[in-house]
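J.: Coordinates in start-v1.json, JSON, C-alpha atoms and all ligand atoms, are listed below.
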```
[["chain", "number", "residue", "atom", "x", "y", "z"],
["J", 539, "MET", "CA", 1.78, 81.79, 75.59],
["J", 540, "ASN", "CA", 0.64, 81.96, 72.00],
["J", 541, "THR", "CA", 1.33, 84.52, 69.31],
["J", 542, "ASN", "CA", -0.01, 82.73, 66.30],
["J", 543, "HIS", "CA", -3.65, 82.41, 67.16],
["J", 544, "LEU", "CA", -6.75, 81.92, 65.02],
["J", 545, "VAL", "CA", -9.90, 84.03, 65.13],
["J", 546, "ALA", "CA", -13.26, 82.39, 64.49],
["J", 547, "PRO", "CA", -16.29, 84.71, 64.35],
["J", 548, "SER", "CA", -19.41, 82.90, 65.54],
["J", 549, "VAL", "CA", -22.18, 82.98, 62.95],
["J", 550, "LEU", "CA", -24.77, 82.69, 65.75],
["J", 551, "ALA", "CA", -24.48, 86.44, 66.29],
["J", 552, "ALA", "CA", -24.74, 87.31, 62.57],
["J", 553, "ASN", "CA", -27.75, 88.95, 60.94],
["J", 554, "PHE", "CA", -29.76, 86.07, 59.47],
["J", 555, "GLY", "CA", -31.91, 88.56, 57.57],
["J", 556, "ASN", "CA", -28.89, 89.29, 55.43],
["J", 557, "LEU", "CA", -26.51, 86.45, 56.11],
["J", 558, "SER", "CA", -24.63, 86.82, 52.83],
["J", 559, "LYS", "CA", -23.49, 90.28, 53.84],
["J", 560, "ASP", "CA", -21.98, 89.00, 57.09],
["J", 561, "ILE", "CA", -20.41, 86.02, 55.33],
["J", 562, "GLN", "CA", -18.74, 88.35, 52.83],
["J", 563, "MET", "CA", -17.54, 90.56, 55.66],
["J", 564, "VAL", "CA", -15.84, 87.58, 57.33],
["J", 565, "ASN", "CA", -14.47, 86.40, 53.96],
["J", 566, "LYS", "CA", -12.79, 89.74, 53.42],
["J", 567, "SER", "CA", -11.61, 90.11, 57.02],
["J", 568, "GLN", "CA", -8.56, 88.69, 58.75],
["J", 569, "ALA", "CA", -10.65, 85.95, 60.37],
["J", 570, "ASP", "CA", -9.38, 82.40, 59.99],
["J", 571, "TRP", "CA", -12.51, 80.27, 60.44],
["J", 572, "PHE", "CA", -16.27, 80.55, 60.62],
["J", 573, "HIS", "CA", -17.52, 79.17, 63.96],
["J", 574, "VAL", "CA", -20.89, 77.47, 63.44],
["J", 575, "ASP", "CA", -23.04, 76.64, 66.48],
["J", 576, "ILE", "CA", -25.55, 73.81, 66.09],
["J", 577, "MET", "CA", -28.03, 73.57, 68.99],
["J", 578, "ASP", "CA", -30.76, 70.96, 69.28],
["J", 579, "GLY", "CA", -32.92, 72.15, 72.17],
["J", 580, "ARG", "CA", -32.00, 68.99, 74.08],
["J", 581, "PHE", "CA", -28.30, 69.13, 74.89],
["J", 582, "VAL", "CA", -28.71, 72.88, 75.36],
["J", 583, "PRO", "CA", -31.86, 74.87, 76.12],
["J", 584, "ASN", "CA", -31.91, 76.59, 72.74],
["J", 585, "ILE", "CA", -32.30, 75.71, 69.05],
["J", 586, "SER", "CA", -30.09, 77.51, 66.56],
["J", 587, "PHE", "CA", -30.12, 76.41, 62.93],
["J", 588, "GLY", "CA", -29.34, 73.38, 60.83],
["J", 589, "PHE", "CA", -28.47, 72.15, 57.36],
["J", 590, "PRO", "CA", -30.17, 74.86, 55.25],
["J", 591, "ILE", "CA", -27.96, 77.52, 56.83],
["J", 592, "LEU", "CA", -24.89, 75.29, 56.55],
["J", 593, "LYS", "CA", -25.65, 74.97, 52.84],
["J", 594, "VAL", "CA", -25.48, 78.74, 52.46],
["J", 595, "LEU", "CA", -22.24, 78.83, 54.43],
["J", 596, "LYS", "CA", -20.70, 76.06, 52.36],
["J", 597, "GLU", "CA", -21.57, 77.89, 49.16],
["J", 598, "GLN", "CA", -20.43, 81.34, 50.25],
["J", 599, "ALA", "CA", -17.80, 81.00, 52.97],
["J", 600, "GLN", "CA", -14.22, 81.11, 51.75],
["J", 601, "LYS", "CA", -12.73, 79.96, 55.05],
["J", 602, "PRO", "CA", -12.97, 76.67, 56.94],
["J", 603, "LEU", "CA", -16.18, 75.91, 58.85],
["J", 604, "ASP", "CA", -15.55, 75.11, 62.50],
["J", 605, "VAL", "CA", -18.75, 73.31, 63.46],
["J", 606, "HIS", "CA", -19.61, 73.07, 67.16],
["J", 607, "LEU", "CA", -22.25, 70.43, 67.81],
["J", 608, "MET", "CA", -24.29, 71.14, 70.92],
["J", 609, "ILE", "CA", -26.53, 68.17, 70.28],
["J", 610, "VAL", "CA", -27.23, 64.81, 71.89],
["J", 611, "GLU", "CA", -26.12, 61.69, 69.97],
["J", 612, "PRO", "CA", -23.85, 63.66, 67.61],
["J", 613, "GLU", "CA", -22.53, 60.36, 66.21],
["J", 614, "LYS", "CA", -25.76, 60.03, 64.21],
["J", 615, "TYR", "CA", -25.02, 63.12, 62.13],
["J", 616, "LEU", "CA", -21.24, 63.22, 61.63],
["J", 617, "GLU", "CA", -21.34, 62.26, 57.97],
["J", 618, "GLN", "CA", -24.02, 64.82, 57.21],
["J", 619, "PHE", "CA", -22.06, 67.60, 58.90],
["J", 620, "VAL", "CA", -18.84, 66.77, 57.08],
["J", 621, "GLU", "CA", -20.77, 66.61, 53.80],
["J", 622, "ALA", "CA", -22.29, 69.96, 54.73],
["J", 623, "GLY", "CA", -18.82, 71.46, 54.80],
["J", 624, "ALA", "CA", -17.40, 71.04, 58.31],
["J", 625, "SER", "CA", -13.58, 71.14, 58.29],
["J", 626, "VAL", "CA", -13.43, 70.99, 62.06],
["J", 627, "LEU", "CA", -16.16, 69.02, 63.83],
["J", 628, "THR", "CA", -16.43, 69.39, 67.59],
["J", 629, "VAL", "CA", -18.59, 67.21, 69.81],
["J", 630, "HIS", "CA", -19.27, 67.66, 73.51],
["J", 631, "TYR", "CA", -17.58, 65.34, 75.97],
["J", 632, "GLU", "CA", -20.84, 65.31, 77.94],
["J", 633, "ALA", "CA", -22.84, 64.15, 74.91],
["J", 634, "CYS", "CA", -20.67, 61.19, 73.90],
["J", 635, "THR", "CA", -20.85, 57.80, 75.61],
["J", 636, "HIS", "CA", -18.31, 56.38, 73.15],
["J", 637, "LEU", "CA", -16.15, 59.41, 72.58],
["J", 638, "HIS", "CA", -13.15, 57.50, 71.24],
["J", 639, "ARG", "CA", -15.30, 55.87, 68.57],
["J", 640, "THR", "CA", -16.91, 59.20, 67.66],
["J", 641, "ILE", "CA", -13.53, 60.93, 67.32],
["J", 642, "GLY", "CA", -12.30, 58.10, 65.10],
["J", 643, "ALA", "CA", -15.38, 58.43, 62.91],
["J", 644, "ILE", "CA", -14.87, 62.20, 62.48],
["J", 645, "LYS", "CA", -11.27, 61.66, 61.41],
["J", 646, "GLU", "CA", -12.19, 58.87, 59.03],
["J", 647, "LEU", "CA", -14.57, 61.31, 57.36],
["J", 648, "GLY", "CA", -11.59, 63.60, 56.76],
["J", 649, "ALA", "CA", -12.39, 66.38, 59.25],
["J", 650, "LYS", "CA", -10.41, 67.60, 62.21],
["J", 651, "ALA", "CA", -11.87, 66.37, 65.49],
["J", 652, "GLY", "CA", -12.60, 68.58, 68.47],
["J", 653, "VAL", "CA", -13.94, 67.91, 71.95],
["J", 654, "ALA", "CA", -15.80, 70.62, 73.86],
["J", 655, "LEU", "CA", -15.97, 70.77, 77.64],
["J", 656, "ASN", "CA", -18.75, 72.51, 79.55],
["J", 657, "PRO", "CA", -17.56, 74.96, 82.22],
["J", 658, "HIS", "CA", -17.93, 72.38, 85.00],
["J", 659, "THR", "CA", -16.28, 69.49, 83.15],
["J", 660, "PRO", "CA", -12.68, 68.85, 84.31],
["J", 661, "VAL", "CA", -9.87, 68.96, 81.76],
["J", 662, "SER", "CA", -8.39, 65.86, 83.42],
["J", 663, "LEU", "CA", -11.12, 63.81, 81.71],
["J", 664, "LEU", "CA", -9.23, 64.34, 78.44],
["J", 665, "ASP", "CA", -6.29, 62.37, 79.77],
["J", 666, "ASN", "CA", -7.08, 59.29, 77.68],
["J", 667, "ILE", "CA", -8.21, 61.08, 74.53],
["J", 668, "ILE", "CA", -5.92, 64.11, 74.10],
["J", 669, "GLN", "CA", -3.62, 62.20, 71.77],
["J", 670, "ASP", "CA", -6.50, 61.49, 69.39],
["J", 671, "ILE", "CA", -7.96, 64.96, 69.02],
["J", 672, "ASP", "CA", -7.00, 68.10, 67.10],
["J", 673, "LEU", "CA", -8.79, 70.67, 69.22],
["J", 674, "VAL", "CA", -10.15, 71.18, 72.72],
["J", 675, "CYS", "CA", -12.99, 73.69, 72.94],
["J", 676, "LEU", "CA", -13.17, 75.15, 76.43],
["J", 677, "MET", "CA", -16.64, 76.55, 76.97],
["J", 678, "SER", "CA", -16.19, 79.83, 78.78],
["J", 679, "VAL", "CA", -19.96, 80.26, 79.13],
["J", 680, "ASN", "CA", -22.69, 77.69, 79.60],
["J", 681, "PRO", "CA", -23.45, 76.61, 76.04],
["J", 682, "GLY", "CA", -26.74, 77.60, 74.45],
["J", 683, "PHE", "CA", -26.65, 81.35, 73.99],
["J", 684, "GLY", "CA", -24.46, 84.12, 72.67],
["J", 685, "GLY", "CA", -23.78, 87.31, 74.56],
["J", 686, "GLN", "CA", -23.07, 85.82, 77.99],
["J", 687, "SER", "CA", -20.32, 86.81, 80.43],
["J", 688, "PHE", "CA", -16.97, 85.07, 80.31],
["J", 689, "ILE", "CA", -16.30, 82.59, 83.15],
["J", 690, "GLU", "CA", -12.92, 83.44, 84.70],
["J", 691, "ASN", "CA", -12.15, 79.86, 85.76],
["J", 692, "THR", "CA", -11.44, 79.19, 82.07],
["J", 693, "TYR", "CA", -7.87, 80.49, 82.49],
["J", 694, "LYS", "CA", -7.09, 77.65, 84.89],
["J", 695, "LYS", "CA", -8.45, 75.17, 82.35],
["J", 696, "ILE", "CA", -6.22, 76.61, 79.60],
["J", 697, "TYR", "CA", -3.17, 75.90, 81.76],
["J", 698, "GLU", "CA", -4.45, 72.41, 82.41],
["J", 699, "VAL", "CA", -4.78, 71.65, 78.67],
["J", 700, "ARG", "CA", -1.29, 73.03, 78.13],
["J", 701, "ALA", "CA", 0.00, 70.69, 80.83],
["J", 702, "LEU", "CA", -1.66, 67.74, 79.08],
["J", 703, "ASN", "CA", -0.14, 68.85, 75.77],
["J", 704, "GLU", "CA", 3.28, 68.89, 77.37],
["J", 705, "GLN", "CA", 2.78, 65.57, 79.08],
["J", 706, "TYR", "CA", 1.77, 63.81, 75.88],
["J", 707, "ASN", "CA", 3.81, 65.92, 73.48],
["J", 708, "THR", "CA", 0.67, 66.91, 71.57],
["J", 709, "GLN", "CA", -0.23, 70.20, 69.89],
["J", 710, "THR", "CA", -3.96, 70.13, 70.48],
["J", 711, "LEU", "CA", -5.46, 73.53, 69.68],
["J", 712, "ILE", "CA", -7.05, 75.31, 72.64],
["J", 713, "GLU", "CA", -10.24, 77.04, 71.54],
["J", 714, "ILE", "CA", -12.09, 79.43, 73.84],
["J", 715, "ASP", "CA", -15.80, 79.81, 73.22],
["J", 716, "GLY", "CA", -18.05, 82.35, 74.91],
["J", 717, "GLY", "CA", -17.69, 85.91, 76.14],
["J", 718, "VAL", "CA", -14.46, 86.49, 74.20],
["J", 719, "GLY", "CA", -13.66, 90.02, 73.01],
["J", 720, "LEU", "CA", -11.15, 92.82, 73.03],
["J", 721, "LYS", "CA", -11.32, 93.11, 76.80],
["J", 722, "ASN", "CA", -9.92, 89.62, 77.48],
["J", 723, "VAL", "CA", -8.08, 88.66, 74.29],
["J", 724, "ASN", "CA", -4.63, 89.52, 75.65],
["J", 725, "ALA", "CA", -5.09, 87.60, 78.87],
["J", 726, "LEU", "CA", -6.40, 84.61, 76.93],
["J", 727, "LEU", "CA", -3.42, 84.63, 74.57],
["J", 728, "LYS", "CA", -1.07, 85.00, 77.48],
["J", 729, "ALA", "CA", -2.63, 81.96, 79.13],
["J", 730, "GLY", "CA", -2.16, 79.96, 75.91],
["J", 731, "ALA", "CA", -5.39, 80.11, 73.92],
["J", 732, "SER", "CA", -4.91, 79.26, 70.26],
["J", 733, "VAL", "CA", -8.39, 79.73, 68.73],
["J", 734, "LEU", "CA", -10.66, 82.59, 69.78],
["J", 735, "VAL", "CA", -14.38, 82.28, 69.05],
["J", 736, "ALA", "CA", -16.11, 85.65, 69.07],
["J", 737, "GLY", "CA", -19.81, 86.20, 68.39],
["J", 738, "SER", "CA", -21.33, 89.29, 69.94],
["J", 739, "SER", "CA", -18.04, 91.11, 70.32],
["J", 740, "VAL", "CA", -17.60, 90.97, 66.53],
["J", 741, "PHE", "CA", -21.08, 91.18, 65.03],
["J", 742, "LYS", "CA", -22.55, 93.63, 67.54],
["J", 743, "SER", "CA", -19.59, 95.99, 67.30],
["J", 744, "ASP", "CA", -19.68, 99.20, 65.28],
["J", 745, "ASN", "CA", -17.02, 97.91, 62.92],
["J", 746, "PRO", "CA", -16.91, 94.09, 62.81],
["J", 747, "THR", "CA", -14.03, 94.01, 60.31],
["J", 748, "LEU", "CA", -11.92, 96.19, 62.56],
["J", 749, "THR", "CA", -12.82, 94.17, 65.64],
["J", 750, "ILE", "CA", -11.68, 91.00, 63.88],
["J", 751, "GLU", "CA", -8.47, 92.76, 62.88],
["J", 752, "SER", "CA", -7.88, 93.85, 66.47],
["J", 753, "LEU", "CA", -8.51, 90.34, 67.78],
["J", 754, "LYS", "CA", -6.14, 88.97, 65.17],
["J", 755, "LYS", "CA", -3.43, 91.54, 65.76],
["J", 756, "SER", "CA", -3.52, 91.12, 69.53],
["J", 757, "SER", "CA", -0.63, 89.44, 71.21],
["J", 758, "PRO", "CA", -0.05, 88.53, 74.84],
["J", 759, "ASN", "CA", 1.79, 91.81, 75.29],
["J", 760, "THR", "CA", -0.46, 94.24, 73.42],
["J", 761, "LEU", "CA", -2.12, 96.77, 75.65],
["J", 762, "MET", "CA", -5.81, 97.09, 74.83],
["J", 763, "VAL", "CA", -7.99, 99.95, 76.01],
["N", 801, "LIG", "C1", -22.44, 79.37, 72.93],
["N", 801, "LIG", "C2", -21.79, 79.19, 71.60],
["N", 801, "LIG", "C3", -20.83, 80.26, 71.24],
["N", 801, "LIG", "C4", -21.46, 81.60, 71.06],
["N", 801, "LIG", "C5", -20.47, 82.63, 71.52],
["N", 801, "LIG", "O1", -23.20, 78.25, 73.22],
["N", 801, "LIG", "O2", -21.08, 77.96, 71.56],
["N", 801, "LIG", "O3", -20.07, 79.92, 70.11],
["N", 801, "LIG", "O4", -21.82, 81.86, 69.73],
["N", 801, "LIG", "O5", -21.10, 83.85, 71.54],
["N", 801, "LIG", "P1", -20.47, 85.12, 72.27],
["N", 801, "LIG", "O6", -19.13, 85.37, 71.65],
["N", 801, "LIG", "O7", -21.47, 86.19, 72.02],
["N", 801, "LIG", "O8", -20.34, 84.78, 73.74],
["N", 802, "ZN", "ZN", -19.68, 77.57, 69.87]]
```
Let me see whether you can do it: turn the structure in this file into structure tokens.
Ligand code: DX5
Ligand code: ZN
T.:
Amino acid sequence: MNTNHLVAPSVLAANFGNLSKDIQMVNKSQADWFHVDIMDGRFVPNISFGFPILKVLKEQAQKPLDVHLMIVEPEKYLEQFVEAGASVLTVHYEACTHLHRTIGAIKELGAKAGVALNPHTPVSLLDNIIQDIDLVCLMSVNPGFGGQSFIENTYKKIYEVRALNEQYNTQTLIEIDGGVGLKNVNALLKAGASVLVAGSSVFKSDNPTLTIESLKKSSPNTLMV
């Protein structure tokens, strides 16, 4: 159970025709981080954006950039992403042959290191790396697109990360990415989520600032309608 969670709006769902407006909205909101999805068209069947957009974010965002790399061979670009402003840099377990080395490199660059797991990837695979990472990103949709439905099996995986945290006495953040919104925030917090990524549910809502506030104010016991 977690009552001190972070909210990270996903820029993927922002309006790129007027990105500054959405960045300012997040700056002024109760959000904690900007979640930034980098897709290469190889690890995932979609291409999002790259360094030019990160440059804008670095210049204008007043909150940490939580950069989620959905790319093959992420180790080739770690330095560039940290230079581009990433405070948290997350790589996919499935994309890293030498994950331990990659995590070490991220930390040496001064960023927090995260590992993302696709919906089918077992949490038990983190057994030998949990002590080295700052964040586990549980994909609650198949990565590649915003606006998909939340996969319910994610709850089980949250409990499994918590069990690993207890076993190793670690405080690895549990980030949930995909299909997160007001309808499942309470259940996610109750299960033990610590970082909530929200794209469509924030940017496609009538009042994004208020949606962020509601996500932030939620607690495991709040009743949402
Ligand atoms: C999916 C991305 C997510 C995405 C979430 O591959 O990693 O961060 O932006 O979007 P929503 O919240 O719309 O499911
Ligand atoms: Zn993401």
J.: Taking only C-alpha atoms and all ligand atoms into account, list the residues no farther than 10 Å from ligand LIG 801 (chain N), as a VMD selection string.
T.: chain J and resid 546 to 552 573 to 577 582 to 584 586 605 to 608 654 656 675 to 688 714 to 719 734 to 742
J.: Do a neighbour search on Glu698 (chain J) at 12 Å with only C-alpha atoms, toss out local chain neighbours closer than 2 positions, and write the hits as a PDB file with C-alpha atoms, in the coordinates of the input.
T.:
```
ATOM      1  CA  PRO J 660     -12.680  68.850  84.310  1.00  0.00           C
ATOM      2  CA  VAL J 661      -9.870  68.960  81.760  1.00  0.00           C
ATOM      3  CA  SER J 662      -8.390  65.860  83.420  1.00  0.00           C
ATOM      4  CA  LEU J 663     -11.120  63.810  81.710  1.00  0.00           C
ATOM      5  CA  LEU J 664      -9.230  64.340  78.440  1.00  0.00           C
ATOM      6  CA  ASP J 665      -6.290  62.370  79.770  1.00  0.00           C
ATOM      7  CA  ILE J 668      -5.920  64.110  74.100  1.00  0.00           C
ATOM      8  CA  VAL J 674     -10.150  71.180  72.720  1.00  0.00           C
ATOM      9  CA  LEU J 676     -13.170  75.150  76.430  1.00  0.00           C
ATOM     10  CA  ASN J 691     -12.150  79.860  85.760  1.00  0.00           C
ATOM     11  CA  THR J 692     -11.440  79.190  82.070  1.00  0.00           C
ATOM     12  CA  TYR J 693      -7.870  80.490  82.490  1.00  0.00           C
ATOM     13  CA  LYS J 694      -7.090  77.650  84.890  1.00  0.00           C
ATOM     14  CA  LYS J 695      -8.450  75.170  82.350  1.00  0.00           C
ATOM     15  CA  ILE J 696      -6.220  76.610  79.600  1.00  0.00           C
ATOM     16  CA  ARG J 700      -1.290  73.030  78.130  1.00  0.00           C
ATOM     17  CA  ALA J 701       0.000  70.690  80.830  1.00  0.00           C
ATOM     18  CA  LEU J 702      -1.660  67.740  79.080  1.00  0.00           C
ATOM     19  CA  ASN J 703      -0.140  68.850  75.770  1.00  0.00           C
ATOM     20  CA  GLU J 704       3.280  68.890  77.370  1.00  0.00           C
ATOM     21  CA  GLN J 705       2.780  65.570  79.080  1.00  0.00           C
ATOM     22  CA  ILE J 712      -7.050  75.310  72.640  1.00  0.00           C
ATOM     23  CA  ALA J 729      -2.630  81.960  79.130  1.00  0.00           C
ATOM     24  CA  GLY J 730      -2.160  79.960  75.910  1.00  0.00           C
ATOM     25  CA  ALA J 731      -5.390  80.110  73.920  1.00  0.00           C
TER      26      ALA J 731
END
```
J.: Please determine, counting only C-alpha atoms and all ligand atoms, which residue among J:Thr628, J:Gln709, J:Thr659, J:Asn759 has the shortest atom-to-atom distance to ligand ZN 802 (chain N).
T.: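 Closest to ligand ZN 802 (chain N), using only C-alpha atoms and all ligand atoms: J:Thr628.
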J.: When you count all atoms listed in the file, which of these residues is closest to ligand ZN 802 (chain N): J:Asp672, J:Glu611, J:Asp604, J:Glu621?
T.: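 Nearest to ligand ZN 802 (chain N): J:Asp604.
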J.: Which value, in Å to one decimal, gives the distance between CA of Tyr697 (chain J) and CA of Leu727 (chain J)?
T.: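 Atom-to-atom, CA of Tyr697 (chain J) to CA of Leu727 (chain J), that is 11.3 Å.
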J.: State, in Å with one decimal place, the distance from CA of Leu544 (chain J) to CA of Arg580 (chain J).
T.: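 Calculated distance between CA of Leu544 (chain J) and CA of Arg580 (chain J) is 29.8 Å.
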J.: Would you please work out which residue, of J:Gly588, J:Lys721, J:Pro602, J:Lys593, is nearest to Asn565 (chain J) when using only C-alpha atoms?
T.: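 Counting only C-alpha atoms, the residue closest to Asn565 (chain J) is J:Pro602.
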J.: Which of these residues is nearest to ligand ZN 802 (chain N), using only C-alpha atoms and all ligand atoms: J:Leu557, J:Ile671, J:Val564, J:Leu655?
T.: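 Checking each candidate against ligand ZN 802 (chain N), we get J:Leu655 as the closest.
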J.: Just the number, please: distance in Å from CA of Thr747 (chain J) to CA of Val626 (chain J), one decimal.
T.: 23.1 Å
J.: Considering all atoms listed in the file, state which residue in the set J:Ser625, J:Ser756, J:Asn542, J:Gln618 is at the smallest distance from Ala725 (chain J).
T.: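 Between J:Ser625, J:Ser756, J:Asn542, J:Gln618, the residue approaching Ala725 (chain J) most closely is J:Ser756.
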J.: Got a sec: who's within 8 Å of Cys634 (chain J), counting all atoms listed in the file, leaving out chain neighbours fewer than 6 positions off, as an NGL selection string?
T.: :J and (610-613 or 640)
J.: Find the spatial neighbours of Gln669 (chain J), counting all atoms listed in the file, within a cut-off of 7 Å - ignore same-chain residues fewer than 2 positions away - and output them as an NGL selection string.
T.: :J and (667 or 671 or 706 or 708)
J.: Tell me, as a tab-separated table (two decimals) with C-alpha atoms, in the coordinates of the input, which residues lie within 7 Å of Ile750 (chain J), counting only C-alpha atoms; anything in the same chain fewer than 6 positions away does not count.
T.:
```
chain	number	residue	atom	x	y	z
J	567	SER	CA	-11.61	90.11	57.02
J	568	GLN	CA	-8.56	88.69	58.75
J	569	ALA	CA	-10.65	85.95	60.37
J	740	VAL	CA	-17.60	90.97	66.53
```
J.: Rank J:Ile585, J:Phe619, J:Val653, J:Lys645 by their smallest atom-to-atom distance to Tyr631 (chain J), using all atoms listed in the file, and report the top residue only.
T.: J:Val653
J.: Counting all atoms listed in the file, which residues come within 12 Å of (-27.6, 80.0, 54.0), with the point read in the file's coordinates, and could you list them as a PDB file with C-alpha atoms, keeping the file's coordinate frame?
T.:
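Written output follows (out.pdb):
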```pdb
ATOM      1  CA  VAL J 549     -22.180  82.980  62.950  1.00  0.00           C
ATOM      2  CA  ALA J 552     -24.740  87.310  62.570  1.00  0.00           C
ATOM      3  CA  ASN J 553     -27.750  88.950  60.940  1.00  0.00           C
ATOM      4  CA  PHE J 554     -29.760  86.070  59.470  1.00  0.00           C
ATOM      5  CA  GLY J 555     -31.910  88.560  57.570  1.00  0.00           C
ATOM      6  CA  ASN J 556     -28.890  89.290  55.430  1.00  0.00           C
ATOM      7  CA  LEU J 557     -26.510  86.450  56.110  1.00  0.00           C
ATOM      8  CA  SER J 558     -24.630  86.820  52.830  1.00  0.00           C
ATOM      9  CA  LYS J 559     -23.490  90.280  53.840  1.00  0.00           C
ATOM     10  CA  ASP J 560     -21.980  89.000  57.090  1.00  0.00           C
ATOM     11  CA  ILE J 561     -20.410  86.020  55.330  1.00  0.00           C
ATOM     12  CA  VAL J 574     -20.890  77.470  63.440  1.00  0.00           C
ATOM     13  CA  PHE J 587     -30.120  76.410  62.930  1.00  0.00           C
ATOM     14  CA  GLY J 588     -29.340  73.380  60.830  1.00  0.00           C
ATOM     15  CA  PHE J 589     -28.470  72.150  57.360  1.00  0.00           C
ATOM     16  CA  PRO J 590     -30.170  74.860  55.250  1.00  0.00           C
ATOM     17  CA  ILE J 591     -27.960  77.520  56.830  1.00  0.00           C
ATOM     18  CA  LEU J 592     -24.890  75.290  56.550  1.00  0.00           C
ATOM     19  CA  LYS J 593     -25.650  74.970  52.840  1.00  0.00           C
ATOM     20  CA  VAL J 594     -25.480  78.740  52.460  1.00  0.00           C
ATOM     21  CA  LEU J 595     -22.240  78.830  54.430  1.00  0.00           C
ATOM     22  CA  LYS J 596     -20.700  76.060  52.360  1.00  0.00           C
ATOM     23  CA  GLU J 597     -21.570  77.890  49.160  1.00  0.00           C
ATOM     24  CA  GLN J 598     -20.430  81.340  50.250  1.00  0.00           C
ATOM     25  CA  ALA J 599     -17.800  81.000  52.970  1.00  0.00           C
ATOM     26  CA  ALA J 622     -22.290  69.960  54.730  1.00  0.00           C
TER      27      ALA J 622
END
```
